[in-house]
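**Student:** Got a structure for you, written out below as structure tokens; questions coming shortly.
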Amino acid sequence: MENGNTKIVIVDDHKIFRDGLMLLLDKFDFASVVGEASNGEEFLELIGKELPEIVLMDINMPKMNGIEASRLALQKYPAIKIIALTSFADDEYIEQMISAGVEGYMLKRSDIEDFEKAIKRVAEGGSYFSEEIIKVITRNLYKNKEHRSVTDQYTSFTEREKQILQLICNGLNNDQIAEKVFLSTKTVEKHKSSLFQKTGTFNTVNLVIYAFKNQLVSFD
């Protein structure tokens, strides 16, 4: 299971789920599972030895949960990409995991195609949120007055910024966006910087969440 390109570690306190997910991921020729852990403490001990590109991280675990484990891991290894896994979507957990620095968020019951899409997008520098998670993020998080204020702000975006924002929320990285809109990667980065300034966000995931919360993009 170590012949793939993208190295993955699975962190979950249920061995049956870890075993099932490993069998699932073994079907992918672009990835390989290089380790597993049953809680956050085990994961932090393992991560220095394996240095995976992608971590599939459960949230509720004994000894140390996924929120704290993600925060500590990213402080020491900021290049690691973490995709949060959950059995059910919960507003509080979503906010905490995003604050911890995860690049993706999906339900454990997701289809194999969703896992493939999520791992590829995040490994390439994009982000991934399953449809159920997006619905939770957008549901009743802003009052109408606040939403109108943000919608008014949206009119200050250039058409190119709106286009790039949609592509960012579709999970594309800078190079993929540049190719799609026929711009240089450096120009795309400048547009992203402008979007950060106009929205008061500081990285891609926070920008995506801002757009989801305020319904500035379509989710098709």
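Each chain in the structure tokens gets a letter, A, B and so on, in the order shown; residues start at 1 in every chain, and ligands are counted from 1 in the order they appear.
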Determine, counting only C-alpha atoms, which protein, DNA and RNA residues have an atom within 8 Å of an atom of stretch 43-49 of chain A; residues of the same chain fewer than 6 positions away are not included. Present the result as a list in words.

**Tutor:**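 My list of contacting residues is Val11, Gly35, Glu36, Ala37, Ala69 and Ala73 of chain A.
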
**Student:** Could you find all residues in stretch 1-150 of chain A that DSSP calls helix (DSSP H, G or I) from the backbone, and write them as number ranges by chain?

**Tutor:** A: 15-25, 40-50, 66-76, 91-100, 112-123, 131-138, 144-150

**Student:** What parts of stretch 40-93 of chain A does DSSP call strand (DSSP E)? I'd like the answer as a ChimeraX atom specification.

**Tutor:** /A:54-58,81-86

**Student:** Write the residues of the selection above to a file with N, CA and C atoms, as a compact mmCIF listing (two decimals), in the first residue's frame.

**Tutor:**
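Output file part_12.txt is given in full below:
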```txt
# COMPACT_ATOMS: atom_id res chain seq x y z
N ILE A 54 -1.33 14.11 3.09
CA ILE A 54 -2.74 14.24 3.44
C ILE A 54 -3.03 13.47 4.72
N VAL A 55 -3.83 14.07 5.60
CA VAL A 55 -4.30 13.39 6.80
C VAL A 55 -5.82 13.39 6.78
N LEU A 56 -6.42 12.23 6.92
CA LEU A 56 -7.87 12.10 7.05
C LEU A 56 -8.16 12.01 8.54
N MET A 57 -8.73 13.07 9.11
CA MET A 57 -8.79 13.26 10.55
C MET A 57 -10.20 13.20 11.12
N ASP A 58 -10.44 12.22 11.98
CA ASP A 58 -11.70 12.16 12.73
C ASP A 58 -11.70 13.31 13.75
N LYS A 81 -1.68 18.69 4.73
CA LYS A 81 -3.05 19.05 4.42
C LYS A 81 -3.98 18.10 5.16
N ILE A 82 -4.91 18.66 5.91
CA ILE A 82 -5.83 17.84 6.72
C ILE A 82 -7.25 17.95 6.19
N ILE A 83 -7.87 16.79 6.01
CA ILE A 83 -9.29 16.72 5.65
C ILE A 83 -10.03 16.16 6.86
N ALA A 84 -10.95 16.93 7.40
CA ALA A 84 -11.73 16.50 8.56
C ALA A 84 -12.80 15.52 8.13
N LEU A 85 -12.97 14.48 8.95
CA LEU A 85 -14.02 13.49 8.71
C LEU A 85 -15.00 13.50 9.87
N THR A 86 -16.27 13.45 9.58
CA THR A 86 -17.26 13.45 10.64
C THR A 86 -18.44 12.57 10.28
```

**Student:** Excluding stretch 178-191 of chain A and any residue of its chain fewer than 3 positions from it, enumerate the residues within 9 Å of it, using only C-alpha atoms, and give them as a list of chain:residue names.

**Tutor:**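 Near stretch 178-191 of chain A, the qualifying residues are A:Arg160, A:Glu161, A:Gln163, A:Ile164, A:Asn173, A:Asn174, A:Asp175, A:Ser194, A:Leu195, A:Phe196.
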
**Student:** My list of candidates is A:Met61, A:Leu23, A:Ala100, A:Ala123. Which is closest to A:Thr6 when distances are computed with only C-alpha atoms?

**Tutor:**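 Using only C-alpha atoms, A:Thr6 sits closest to A:Ala123.
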